[in-house]
file input.txt (compact mmCIF, C-alpha atoms)
# COMPACT_ATOMS: atom_id res chain seq x y z
CA MET Y 29 124.35 93.41 -14.65
CA LYS Y 30 126.96 90.65 -14.72
CA VAL Y 31 125.93 87.72 -16.88
CA ALA Y 32 128.16 84.64 -17.09
CA ILE Y 33 128.04 81.77 -19.57
CA VAL Y 34 129.46 78.46 -18.38
CA LYS Y 35 132.49 77.62 -20.53
CA TYR Y 36 132.85 73.91 -21.22
CA ASN Y 37 133.30 71.51 -24.12
CA ALA Y 38 129.75 71.51 -25.42
CA GLY Y 39 129.64 73.16 -28.78
CA ASN Y 40 128.92 76.55 -30.12
CA VAL Y 41 127.90 79.24 -27.63
CA TYR Y 42 128.48 82.21 -29.93
CA SER Y 43 124.81 82.42 -30.77
CA VAL Y 44 123.95 82.83 -27.07
CA VAL Y 45 126.63 85.52 -26.73
CA HIS Y 46 125.21 87.36 -29.77
CA ALA Y 47 121.63 87.04 -28.54
CA LEU Y 48 122.58 88.57 -25.18
CA LYS Y 49 124.49 91.37 -26.91
CA ARG Y 50 121.38 92.16 -28.97
CA LEU Y 51 119.63 92.63 -25.61
CA GLY Y 52 122.34 95.05 -24.49
CA VAL Y 53 124.20 92.61 -22.21
CA ASP Y 54 127.87 91.76 -22.68
CA PRO Y 55 128.28 88.32 -21.10
CA ILE Y 56 131.50 86.72 -19.89
CA LEU Y 57 132.33 83.18 -20.97
CA THR Y 58 134.08 81.48 -18.05
CA ASP Y 59 134.82 78.25 -16.20
CA ASP Y 60 136.05 80.14 -13.13
CA ALA Y 61 134.03 79.19 -10.02
CA ASP Y 62 134.29 82.65 -8.41
CA LEU Y 63 133.22 84.47 -11.57
CA LEU Y 64 130.26 82.11 -11.98
CA ARG Y 65 129.22 82.45 -8.32
CA SER Y 66 129.45 86.24 -8.38
CA ALA Y 67 127.46 86.73 -11.61
CA ASP Y 68 123.90 88.07 -11.41
CA LYS Y 69 122.70 85.51 -13.95
CA VAL Y 70 124.30 82.34 -15.28
CA LEU Y 71 123.56 80.68 -18.62
CA PHE Y 72 124.42 77.04 -19.24
CA PRO Y 73 123.93 76.48 -22.97
CA GLY Y 74 125.46 73.96 -25.33
CA GLN Y 75 125.19 71.33 -27.97
CA GLY Y 76 127.06 68.10 -27.65
CA GLU Y 77 127.14 64.65 -26.16
CA ALA Y 78 126.10 64.13 -22.53
CA SER Y 79 128.83 61.80 -21.22
CA GLN Y 80 131.64 63.90 -22.66
CA ALA Y 81 130.08 67.10 -21.39
CA MET Y 82 129.57 65.68 -17.86
CA GLY Y 83 133.11 64.28 -17.89
CA TYR Y 84 134.45 67.74 -18.63
CA LEU Y 85 132.27 69.42 -15.99
CA ARG Y 86 133.39 66.91 -13.30
CA ALA Y 87 137.06 67.14 -14.27
CA HIS Y 88 136.89 70.93 -13.85
CA GLY Y 89 134.78 70.89 -10.66
CA LEU Y 90 132.00 72.71 -12.51
CA ASP Y 91 129.37 70.11 -11.53
CA ASP Y 92 129.50 71.19 -7.87
CA VAL Y 93 129.71 74.87 -8.84
CA ILE Y 94 126.57 74.73 -11.03
CA ARG Y 95 124.58 72.75 -8.43
CA SER Y 96 125.48 75.26 -5.70
CA LEU Y 97 124.59 78.43 -7.63
CA GLN Y 98 122.06 80.66 -5.88
CA GLN Y 99 121.28 83.22 -8.60
CA PRO Y 100 118.96 82.53 -11.57
CA VAL Y 101 120.50 79.88 -13.86
CA LEU Y 102 119.22 79.07 -17.36
CA GLY Y 103 120.15 75.78 -19.00
CA ILE Y 104 119.62 75.55 -22.76
CA CYS Y 105 119.30 72.36 -24.86
CA ILE Y 106 122.00 69.95 -23.61
CA GLY Y 107 122.24 72.31 -20.62
CA GLN Y 108 118.66 71.39 -19.68
CA GLN Y 109 119.42 67.69 -20.09
CA LEU Y 110 122.60 67.88 -17.99
CA MET Y 111 120.62 69.51 -15.17
CA CYS Y 112 118.54 66.32 -14.84
CA ASN Y 113 119.34 63.11 -12.90
CA HIS Y 114 120.57 60.81 -15.61
CA SER Y 115 120.71 60.71 -19.41
CA GLU Y 116 120.20 57.74 -21.66
CA GLU Y 117 122.83 59.36 -23.90
CA GLY Y 118 126.03 57.53 -22.99
CA ASN Y 119 124.27 56.20 -19.83
CA THR Y 120 125.38 59.35 -18.03
CA ASP Y 121 124.80 60.48 -14.46
CA CYS Y 122 124.06 64.20 -14.67
CA LEU Y 123 123.78 67.11 -12.21
CA GLY Y 124 120.58 65.98 -10.50
CA ILE Y 125 119.03 69.42 -10.16
CA PHE Y 126 115.78 68.23 -11.74
CA PRO Y 127 114.86 64.74 -10.44
CA VAL Y 128 113.96 63.27 -13.83
CA ASP Y 129 115.76 61.05 -16.36
CA VAL Y 130 116.54 62.06 -19.95
CA LEU Y 131 115.38 59.58 -22.62
CA ARG Y 132 116.07 59.01 -26.32
CA PHE Y 133 113.31 59.68 -28.83
CA ARG Y 134 111.99 56.39 -30.22
CA PRO Y 135 110.27 56.98 -33.57
CA GLN Y 136 106.81 55.41 -33.84
CA ARG Y 137 106.18 56.16 -37.52
CA HIS Y 138 108.38 56.95 -40.53
CA GLU Y 139 107.52 60.64 -40.29
CA ASP Y 140 109.04 60.75 -36.79
CA LYS Y 141 112.48 61.92 -37.76
CA VAL Y 142 115.21 62.13 -35.14
CA PRO Y 143 116.72 64.57 -34.29
CA HIS Y 144 113.64 66.66 -33.65
CA MET Y 145 114.82 69.63 -35.68
CA GLY Y 146 112.96 72.79 -36.49
CA TRP Y 147 110.21 74.97 -35.10
CA ASN Y 148 107.60 73.49 -32.81
CA VAL Y 149 104.84 74.79 -30.55
CA VAL Y 150 105.32 75.15 -26.80
CA GLU Y 151 102.23 74.99 -24.57
CA ASP Y 152 102.28 76.40 -21.06
CA ALA Y 153 102.03 73.65 -18.45
CA ASP Y 154 101.41 75.90 -15.48
CA GLY Y 155 98.53 78.19 -16.49
CA SER Y 156 100.86 81.09 -17.35
CA ARG Y 157 101.08 82.58 -20.85
CA ILE Y 158 104.84 82.64 -21.22
CA PHE Y 159 104.99 80.36 -24.26
CA ASP Y 160 101.42 80.86 -25.40
CA HIS Y 161 101.34 78.21 -28.16
CA ARG Y 162 104.15 79.98 -29.99
CA TYR Y 163 106.88 78.34 -32.06
CA PHE Y 164 110.44 77.86 -30.79
CA TYR Y 165 113.49 76.31 -32.46
CA PHE Y 166 114.59 72.81 -31.39
CA VAL Y 167 117.49 70.50 -32.34
CA HIS Y 168 117.75 67.38 -30.15
CA SER Y 169 117.60 63.59 -30.11
CA PHE Y 170 117.01 63.14 -26.36
CA TYR Y 171 114.22 64.62 -24.27
CA VAL Y 172 113.13 65.28 -20.71
CA PRO Y 173 109.77 63.63 -19.97
CA VAL Y 174 106.96 65.74 -18.54
CA CYS Y 175 107.40 65.97 -14.74
CA GLU Y 176 106.30 68.11 -11.80
CA PHE Y 177 108.87 70.80 -12.75
CA THR Y 178 107.69 71.10 -16.37
CA THR Y 179 106.57 74.62 -17.28
CA GLY Y 180 106.32 74.19 -21.07
CA VAL Y 181 105.27 71.13 -23.07
CA THR Y 182 105.95 70.26 -26.71
CA ASP Y 183 104.51 67.23 -28.45
CA TYR Y 184 106.91 65.38 -30.74
CA ILE Y 185 106.54 61.59 -30.79
CA VAL Y 186 105.66 62.03 -27.09
CA PRO Y 187 104.82 65.12 -25.02
CA PHE Y 188 108.09 66.28 -23.45
CA SER Y 189 109.45 69.10 -21.28
CA ALA Y 190 110.20 72.10 -23.48
CA SER Y 191 111.04 73.97 -20.29
CA LEU Y 192 111.63 73.32 -16.60
CA HIS Y 193 111.72 75.41 -13.44
CA LYS Y 194 112.73 74.61 -9.88
CA ASP Y 195 113.82 77.23 -7.35
CA ASN Y 196 116.48 79.39 -9.06
CA PHE Y 197 117.01 76.89 -11.87
CA TYR Y 198 115.35 77.37 -15.27
CA ALA Y 199 115.90 75.37 -18.42
CA THR Y 200 114.67 75.17 -22.00
CA GLN Y 201 115.06 72.35 -24.48
CA PHE Y 202 114.58 74.82 -27.34
CA HIS Y 203 117.12 77.46 -28.33
CA PRO Y 204 115.76 80.87 -27.30
CA GLU Y 205 118.83 82.46 -28.92
CA LYS Y 206 117.71 81.05 -32.30
CA SER Y 207 113.95 81.44 -31.86
CA GLY Y 208 113.51 84.87 -33.39
CA ALA Y 209 111.69 87.62 -31.50
CA VAL Y 210 109.79 85.23 -29.18
CA GLY Y 211 113.07 83.61 -28.14
CA ALA Y 212 114.57 87.01 -27.40
CA GLU Y 213 111.56 87.70 -25.14
CA ILE Y 214 112.31 84.55 -23.12
CA LEU Y 215 115.93 85.63 -22.63
CA LYS Y 216 114.79 89.12 -21.70
CA ASP Y 217 112.37 87.69 -19.11
CA PHE Y 218 115.18 85.59 -17.66
CA LEU Y 219 117.51 88.60 -17.43
CA ALA Y 220 114.74 90.51 -15.65
CA LEU Y 221 114.30 87.87 -12.90
CA MET H 11 103.28 69.90 -34.55
CA LEU H 12 106.68 70.40 -36.14
CA ALA H 13 106.38 73.22 -38.67
CA LYS H 14 107.32 72.90 -42.31
CA ARG H 15 110.19 75.30 -42.89
CA ILE H 16 110.50 78.08 -45.47
CA ILE H 17 114.12 78.86 -46.30
CA PRO H 18 115.28 81.76 -48.47
CA CYS H 19 118.64 81.03 -50.07
CA LEU H 20 121.11 83.82 -50.68
CA ASP H 21 123.91 83.24 -53.18
CA VAL H 22 126.76 85.54 -52.19
CA LYS H 23 129.57 86.78 -54.41
CA ASP H 24 132.03 89.46 -53.26
CA GLY H 25 129.69 90.43 -50.43
CA GLN H 26 126.58 90.76 -52.64
CA THR H 27 123.57 88.50 -53.12
CA VAL H 28 123.11 87.06 -56.58
CA LYS H 29 120.79 84.46 -58.07
CA GLY H 30 121.02 82.76 -61.40
CA THR H 31 118.34 81.24 -63.55
CA ASN H 32 119.36 77.69 -64.43
CA PHE H 33 122.71 78.49 -62.76
CA VAL H 34 123.60 81.38 -65.13
CA ASN H 35 122.46 85.02 -65.67
CA LEU H 36 123.30 86.48 -62.27
CA ARG H 37 121.24 89.43 -61.05
CA HIS H 38 122.01 91.52 -57.97
CA ALA H 39 119.63 91.50 -55.03
CA GLY H 40 121.21 93.44 -52.22
CA ASP H 41 123.34 93.14 -49.10
CA PRO H 42 123.15 89.60 -47.69
CA VAL H 43 123.11 90.64 -44.03
CA GLU H 44 120.34 93.19 -44.52
CA LEU H 45 118.40 90.82 -46.72
CA GLY H 46 118.79 87.96 -44.21
CA LYS H 47 117.61 90.16 -41.37
CA ALA H 48 114.62 91.31 -43.41
CA TYR H 49 113.69 87.69 -44.19
CA SER H 50 113.99 86.77 -40.54
CA GLU H 51 111.63 89.60 -39.61
CA GLN H 52 109.17 88.49 -42.30
CA GLY H 53 109.01 84.99 -40.84
CA ALA H 54 111.64 82.94 -42.68
CA ASP H 55 112.38 79.84 -40.61
CA GLU H 56 116.03 79.49 -41.57
CA LEU H 57 118.44 81.07 -44.00
CA VAL H 58 121.03 79.59 -46.33
CA PHE H 59 124.01 81.63 -47.53
CA LEU H 60 126.03 80.12 -50.38
CA ASP H 61 129.48 81.46 -51.14
CA ILE H 62 129.91 81.40 -54.90
CA THR H 63 133.19 83.33 -54.83
CA ALA H 64 136.22 81.51 -56.17
CA SER H 65 139.03 83.72 -54.85
CA HIS H 66 140.89 83.53 -51.56
CA GLU H 67 139.99 87.17 -50.72
CA GLY H 68 136.38 86.29 -51.43
CA ARG H 69 136.52 83.55 -48.77
CA LYS H 70 137.61 86.07 -46.17
CA THR H 71 134.85 88.48 -47.21
CA PHE H 72 132.34 85.65 -46.86
CA THR H 73 133.59 84.65 -43.39
CA ASP H 74 133.32 88.29 -42.30
CA MET H 75 129.76 88.29 -43.60
CA VAL H 76 128.99 85.13 -41.57
CA THR H 77 130.21 86.92 -38.44
CA ARG H 78 127.90 89.85 -39.19
CA VAL H 79 124.94 87.53 -39.87
CA ALA H 80 125.53 85.73 -36.56
CA ALA H 81 125.52 89.05 -34.73
CA GLU H 82 122.35 90.37 -36.36
CA VAL H 83 120.12 87.43 -37.25
CA ASN H 84 118.22 85.50 -34.56
CA ILE H 85 117.15 82.42 -36.52
CA PRO H 86 119.30 79.45 -37.59
CA PHE H 87 121.41 79.78 -40.71
CA THR H 88 123.40 77.44 -42.90
CA VAL H 89 126.44 78.39 -44.94
CA GLY H 90 127.91 76.57 -47.88
CA GLY H 91 129.93 76.88 -51.03
CA GLY H 92 133.47 75.68 -51.48
CA ILE H 93 133.67 73.74 -48.23
CA GLY H 94 136.34 71.10 -48.82
CA ALA H 95 137.96 70.41 -45.49
CA LEU H 96 137.26 70.27 -41.77
CA ALA H 97 139.19 73.54 -41.37
CA ASP H 98 136.58 75.33 -43.53
CA VAL H 99 133.80 73.96 -41.34
CA ASP H 100 135.60 75.01 -38.17
CA ARG H 101 136.16 78.52 -39.58
CA LEU H 102 132.49 78.97 -40.52
CA LEU H 103 131.03 77.49 -37.32
CA SER H 104 133.45 79.61 -35.28
CA ALA H 105 132.21 82.66 -37.18
CA GLY H 106 128.74 81.79 -35.87
CA ALA H 107 127.04 79.64 -38.52
CA ASP H 108 124.66 76.98 -37.17
CA LYS H 109 125.12 74.50 -39.99
CA VAL H 110 127.31 74.00 -43.04
CA SER H 111 126.28 72.52 -46.35
CA VAL H 112 128.74 70.40 -48.28
CA ASN H 113 128.28 69.46 -51.90
CA SER H 114 130.98 68.64 -54.48
CA ALA H 115 133.76 67.98 -51.96
CA ALA H 116 131.63 65.37 -50.18
CA LEU H 117 130.70 63.71 -53.46
CA ARG H 118 134.38 63.53 -54.37
CA ARG H 119 135.47 62.41 -50.90
CA PRO H 120 132.50 61.08 -48.88
CA GLU H 121 134.62 60.68 -45.70
CA LEU H 122 134.30 64.46 -45.32
CA ILE H 123 130.76 63.85 -43.97
CA ASP H 124 132.05 61.42 -41.32
CA GLU H 125 134.75 63.89 -40.32
CA ILE H 126 132.33 66.80 -39.95
CA THR H 127 129.70 64.86 -38.02
CA SER H 128 132.16 63.16 -35.67
CA HIS H 129 133.72 66.53 -34.80
CA PHE H 130 130.67 68.76 -34.70
CA GLY H 131 127.60 66.47 -34.67
CA SER H 132 125.12 65.46 -37.36
CA GLN H 133 122.95 68.50 -36.77
CA VAL H 134 125.53 70.85 -38.34
CA CYS H 135 125.98 68.84 -41.54
CA VAL H 136 123.65 69.48 -44.48
CA VAL H 137 124.55 67.49 -47.57
CA ALA H 138 123.54 69.44 -50.69
CA ILE H 139 122.98 67.43 -53.85
CA ASP H 140 122.53 68.85 -57.36
CA ALA H 141 120.99 66.23 -59.62
CA ARG H 142 119.46 66.03 -63.07
CA GLN H 143 116.92 63.55 -64.41
CA ASP H 144 117.71 62.16 -67.86
CA GLU H 145 115.31 60.97 -70.57
CA THR H 146 115.24 57.47 -69.08
CA GLY H 147 114.05 58.87 -65.76
CA ALA H 148 117.33 58.27 -63.91
CA TRP H 149 118.57 60.94 -61.50
CA THR H 150 122.33 61.63 -61.62
CA CYS H 151 124.42 63.79 -59.28
CA TYR H 152 126.46 66.70 -60.62
CA LEU H 153 129.59 68.42 -59.34
CA ASN H 154 130.62 72.09 -59.25
CA GLY H 155 127.24 73.74 -59.24
CA GLY H 156 125.80 71.45 -61.87
CA ARG H 157 128.64 71.70 -64.38
CA ILE H 158 130.21 68.23 -64.16
CA PRO H 159 128.14 65.03 -64.35
CA THR H 160 129.06 62.02 -62.22
CA GLU H 161 128.13 58.36 -62.22
CA ARG H 162 126.35 58.57 -58.86
CA SER H 163 122.61 58.13 -58.59
CA LEU H 164 120.82 60.72 -56.47
CA PHE H 165 119.18 58.06 -54.29
CA ASP H 166 122.36 56.02 -53.69
CA TRP H 167 124.30 59.10 -52.76
CA ALA H 168 121.58 60.45 -50.46
CA HIS H 169 121.47 57.10 -48.64
CA GLU H 170 125.22 57.00 -48.28
CA ALA H 171 125.23 60.58 -46.96
CA GLN H 172 122.67 59.58 -44.32
CA GLU H 173 124.69 56.49 -43.37
CA ARG H 174 127.76 58.69 -42.94
CA GLY H 175 125.90 60.93 -40.52
CA ALA H 176 124.42 63.78 -42.57
CA GLY H 177 121.80 65.70 -40.60
CA GLU H 178 119.74 66.84 -43.60
CA ILE H 179 119.66 66.51 -47.39
CA LEU H 180 119.24 69.63 -49.52
CA PHE H 181 118.22 68.35 -52.95
CA THR H 182 118.25 70.71 -55.92
CA SER H 183 116.68 69.45 -59.12
CA MET H 184 118.62 70.96 -62.01
CA ASN H 185 115.67 70.21 -64.28
CA HIS H 186 113.44 72.40 -62.13
CA ASP H 187 115.85 75.08 -60.91
CA GLY H 188 115.00 78.51 -62.28
CA VAL H 189 112.07 77.21 -64.32
CA LYS H 190 109.45 78.16 -61.69
CA THR H 191 107.06 75.33 -62.46
CA GLY H 192 107.24 73.61 -59.07
CA PHE H 193 109.60 71.33 -57.17
CA ALA H 194 110.69 67.80 -58.20
CA ASN H 195 108.06 66.23 -55.97
CA GLU H 196 108.28 62.68 -57.22
CA ALA H 197 112.01 62.43 -56.47
CA LEU H 198 111.56 64.37 -53.21
CA ARG H 199 108.88 61.98 -52.05
CA ARG H 200 111.08 59.00 -52.81
CA LEU H 201 113.91 60.60 -50.82
CA SER H 202 111.71 61.61 -47.92
CA ASP H 203 109.94 58.27 -47.67
CA SER H 204 113.14 56.23 -47.79
CA LEU H 205 115.40 58.35 -45.56
CA SER H 206 115.06 59.11 -41.87
CA ILE H 207 116.61 62.61 -41.98
CA PRO H 208 114.85 65.81 -43.06
CA ILE H 209 114.73 66.68 -46.78
CA ILE H 210 114.93 70.26 -48.02
CA ALA H 211 113.36 70.79 -51.46
CA SER H 212 115.16 73.18 -53.79
CA GLY H 213 114.68 74.28 -57.36
CA GLY H 214 111.45 75.21 -59.06
CA ALA H 215 109.52 77.53 -56.75
CA GLY H 216 107.42 79.94 -58.76
CA ALA H 217 104.08 80.14 -56.95
CA LYS H 218 102.63 79.60 -53.50
CA GLU H 219 100.96 76.38 -54.66
CA HIS H 220 104.39 74.90 -55.40
CA PHE H 221 105.26 75.10 -51.71
CA ARG H 222 101.99 73.43 -50.75
CA ASP H 223 102.62 70.68 -53.28
CA THR H 224 106.14 69.92 -52.13
CA PHE H 225 104.96 69.56 -48.55
CA LEU H 226 101.85 67.53 -49.34
CA LEU H 227 102.97 65.56 -52.42
CA GLY H 228 106.76 65.65 -52.07
CA HIS H 229 106.70 65.01 -48.31
CA SER H 230 109.46 67.62 -48.00
CA ASP H 231 110.34 68.88 -44.53
CA ALA H 232 111.46 72.28 -45.77
CA ALA H 233 111.41 74.26 -48.99
CA LEU H 234 114.14 76.54 -50.22
CA ALA H 235 113.86 79.28 -52.80
CA ALA H 236 115.76 82.36 -53.88
CA SER H 237 114.57 84.60 -56.69
CA VAL H 238 110.85 84.44 -55.91
CA PHE H 239 111.69 85.87 -52.51
CA HIS H 240 114.46 88.26 -53.57
CA PHE H 241 112.34 89.95 -56.21
CA GLY H 242 109.22 90.00 -54.04
CA GLU H 243 107.21 87.70 -56.31
CA ILE H 244 106.23 85.70 -53.23
CA LYS H 245 106.09 87.38 -49.85
CA ILE H 246 106.82 85.09 -46.89
CA PRO H 247 103.94 86.27 -44.62
CA GLU H 248 101.42 85.74 -47.43
CA LEU H 249 102.96 82.38 -48.31
CA LYS H 250 102.68 81.19 -44.72
CA GLN H 251 99.08 82.38 -44.39
CA TYR H 252 98.28 80.49 -47.57
CA LEU H 253 100.00 77.30 -46.38
CA LYS H 254 98.18 77.54 -43.05
CA SER H 255 94.86 77.87 -44.88
CA GLU H 256 95.79 74.71 -46.78
CA GLY H 257 96.16 72.85 -43.48
CA ILE H 258 99.96 72.80 -43.38
CA ALA H 259 101.72 73.45 -40.06
CA VAL H 260 103.78 76.61 -40.43
CA ARG H 261 105.21 79.03 -37.89
CA ILE H 262 103.27 82.29 -37.98
call {"tool": "encode", "arguments": {"input": "input.txt", "output": "structure tokens"}}
result
Amino acid sequence: MKVAIVKYNAGNVYSVVHALKRLGVDPILTDDADLLRSADKVLFPGQGEASQAMGYLRAHGLDDVIRSLQQPVLGICIGQQLMCNHSEEGNTDCLGIFPVDVLRFRPQRHEDKVPHMGWNVVEDADGSRIFDHRYFYFVHSFYVPVCEFTTGVTDYIVPFSASLHKDNFYATQFHPEKSGAVGAEILKDFLAL
Amino acid sequence: MLAKRIIPCLDVKDGQTVKGTNFVNLRHAGDPVELGKAYSEQGADELVFLDITASHEGRKTFTDMVTRVAAEVNIPFTVGGGIGALADVDRLLSAGADKVSVNSAALRRPELIDEITSHFGSQVCVVAIDARQDETGAWTCYLNGGRIPTERSLFDWAHEAQERGAGEILFTSMNHDGVKTGFANEALRRLSDSLSIPIIASGGAGAKEHFRDTFLLGHSDAALAASVFHFGEIKIPELKQYLKSEGIAVRI
């Protein structure tokens, strides 16, 4: 199986590479349109700032490539946010795969620390038992509100989309590559699609 | 509900885990990669690896260890010890660490925090503070693993670190470290209630109740310990069951 990771300017992707290797997959890290289009699965991970990340993707033509992919695609963390319409971070127009806008967490009480960092529970939004109230690892200051494409919900300040799914596009706000054995299961399920 | 985090800390010297009592009397406790993996499997929420090697060769050994940890461990981990420049941070993040902790170098040159967070984001920057409370009740920061006192107050420095972009504060009470009578909950509570970033409690863990107390009384977001875990005095699954039974949100 050919698994490609989108190479762009958004942070550290080594942990995703290692997580895939632990599952017996040796991914390629690439910004080449043909290699991305011909992969069996594409991962779009990252940490970083939305406007800079989108600027890089546009400058390298990767925005059109990602939107046009036909195989299963998994966005992780900022990847999930960039797959939405627009982000409040840097007032950024994003890829528009999920028709929903990314918002900044607004603390309501002192205990509401931002970024939302650490392990939190994900509830299934669609009657499945994929997440099953288990804990996953999050690090983020912006969130995708709950929408019709939400498959997992986490409550932190507000209920938000811990995961999304539409057609061949999947996304998680949490880091499956850092979420222990349950995170590895999510990656394994994605590879098995 | 966001879980309170349990963080084993591994002091690493020449590729081996060590832990001192009151910062001296080192005892060996195994291979850091194997130990880290075992903790991860037991339910640790994060790991911290501190390089206490002084030599140049030791630095390379530590970076190689970080690469091995990144390959084998599937939970977040922080590395620290001797980080003085952006190049050190780049080297350790490139080796696969999720976060770095800076201590003395940031206290000596606070701009280091701005540099790290503007290049790599706040989430990678843990500011570790070693402080001691004197007879008057004042908390003072120390340099070089608690060997050199400074003029800085714990609370002033923690606030400045947050203003400069630190993602978390890891506060070690030198009065409590190694004594196993509980964490410095009064100071922790003051930090947690006045700062908007997460606070990691360190120094003083000796019993399961101490973890409960630092979460409930100290308002800590995470608790770090070393020897009680390394020598099996507290087992992480039992600790988490206990905390859950006390009504604290933990990942089980």
call {"tool": "residues_around", "arguments": {"input": "input.txt", "residues": "Gly74 of chain Y", "least_positions_apart": "6", "cutoff": "12 Å", "atoms": "all atoms listed in the file", "output": "PDB file with C-alpha atoms, in the coordinates of the input"}}
result
ATOM      1  CA  ILE Y  33     128.040  81.770 -19.570  1.00  0.00           C
ATOM      2  CA  VAL Y  34     129.460  78.460 -18.380  1.00  0.00           C
ATOM      3  CA  LYS Y  35     132.490  77.620 -20.530  1.00  0.00           C
ATOM      4  CA  TYR Y  36     132.850  73.910 -21.220  1.00  0.00           C
ATOM      5  CA  ASN Y  37     133.300  71.510 -24.120  1.00  0.00           C
ATOM      6  CA  ALA Y  38     129.750  71.510 -25.420  1.00  0.00           C
ATOM      7  CA  GLY Y  39     129.640  73.160 -28.780  1.00  0.00           C
ATOM      8  CA  ASN Y  40     128.920  76.550 -30.120  1.00  0.00           C
ATOM      9  CA  VAL Y  41     127.900  79.240 -27.630  1.00  0.00           C
ATOM     10  CA  TYR Y  42     128.480  82.210 -29.930  1.00  0.00           C
ATOM     11  CA  SER Y  43     124.810  82.420 -30.770  1.00  0.00           C
ATOM     12  CA  VAL Y  44     123.950  82.830 -27.070  1.00  0.00           C
ATOM     13  CA  VAL Y  45     126.630  85.520 -26.730  1.00  0.00           C
ATOM     14  CA  ALA Y  81     130.080  67.100 -21.390  1.00  0.00           C
ATOM     15  CA  MET Y  82     129.570  65.680 -17.860  1.00  0.00           C
ATOM     16  CA  LEU Y 102     119.220  79.070 -17.360  1.00  0.00           C
ATOM     17  CA  GLY Y 103     120.150  75.780 -19.000  1.00  0.00           C
ATOM     18  CA  ILE Y 104     119.620  75.550 -22.760  1.00  0.00           C
ATOM     19  CA  CYS Y 105     119.300  72.360 -24.860  1.00  0.00           C
ATOM     20  CA  ILE Y 106     122.000  69.950 -23.610  1.00  0.00           C
ATOM     21  CA  GLY Y 107     122.240  72.310 -20.620  1.00  0.00           C
ATOM     22  CA  GLN Y 108     118.660  71.390 -19.680  1.00  0.00           C
ATOM     23  CA  GLN Y 109     119.420  67.690 -20.090  1.00  0.00           C
ATOM     24  CA  LEU Y 110     122.600  67.880 -17.990  1.00  0.00           C
ATOM     25  CA  VAL Y 167     117.490  70.500 -32.340  1.00  0.00           C
ATOM     26  CA  HIS Y 168     117.750  67.380 -30.150  1.00  0.00           C
ATOM     27  CA  ALA Y 199     115.900  75.370 -18.420  1.00  0.00           C
ATOM     28  CA  THR Y 200     114.670  75.170 -22.000  1.00  0.00           C
ATOM     29  CA  GLN Y 201     115.060  72.350 -24.480  1.00  0.00           C
ATOM     30  CA  PHE Y 202     114.580  74.820 -27.340  1.00  0.00           C
ATOM     31  CA  HIS Y 203     117.120  77.460 -28.330  1.00  0.00           C
ATOM     32  CA  GLU Y 205     118.830  82.460 -28.920  1.00  0.00           C
TER      33      GLU Y 205
ATOM     34  CA  PHE H 130     130.670  68.760 -34.700  1.00  0.00           C
TER      35      PHE H 130
END
call {"tool": "residues_around", "arguments": {"input": "input.txt", "residues": "Leu123 of chain Y", "least_positions_apart": "5", "cutoff": "7 Å", "atoms": "only C-alpha atoms", "output": "PyMOL selection string"}}
result
chain Y and resi 91+95+110-113
call {"tool": "residues_around", "arguments": {"input": "input.txt", "residues": "Arg69 of chain H", "least_positions_apart": "4", "cutoff": "10 Å", "atoms": "only C-alpha atoms", "output": "PyMOL selection string"}}
result
chain H and resi 23-25+61-65+73-75+91-92+98
call {"tool": "closest_residue", "arguments": {"input": "input.txt", "among": "Y:Val149, Y:Gly208, Y:Asp60, Y:Val31", "to": "Leu90 of chain Y", "atoms": "all atoms listed in the file"}}
result
Y:Asp60
call {"tool": "closest_residue", "arguments": {"input": "input.txt", "among": "H:Gly192, H:Pro247, H:Gly177, H:Gly213", "to": "chain Y", "atoms": "only C-alpha atoms"}}
result
H:Gly177
call {"tool": "atom_distance", "arguments": {"input": "input.txt", "atom1": "atom CA of Arg137 of chain Y", "atom2": "atom CA of Phe87 of chain H"}}
result
28.3 Å
call {"tool": "decode", "arguments": {"input": "input.txt", "residues": "segment 189-193 of chain Y", "atoms": "N, CA, C and O atoms", "output": "tab-separated table (two decimals), in the first residue's frame"}}
result
chain	number	residue	atom	x	y	z
Y	189	SER	N	-16.16	19.71	16.96
Y	189	SER	CA	-15.93	18.53	16.12
Y	189	SER	C	-14.55	17.94	16.39
Y	189	SER	O	-13.54	18.51	15.96
Y	190	ALA	N	-14.53	16.80	17.06
Y	190	ALA	CA	-13.27	16.08	17.26
Y	190	ALA	C	-12.91	15.33	15.99
Y	190	ALA	O	-11.75	15.01	15.75
Y	191	SER	N	-13.96	15.04	15.16
Y	191	SER	CA	-13.68	14.39	13.88
Y	191	SER	C	-14.78	14.72	12.89
Y	191	SER	O	-15.91	15.05	13.27
Y	192	LEU	N	-14.42	14.65	11.62
Y	192	LEU	CA	-15.32	14.97	10.52
Y	192	LEU	C	-15.22	13.89	9.45
Y	192	LEU	O	-14.17	13.25	9.31
Y	193	HIS	N	-16.29	13.73	8.68
Y	193	HIS	CA	-16.24	12.82	7.53
Y	193	HIS	C	-17.19	13.30	6.47
Y	193	HIS	O	-18.35	13.63	6.75
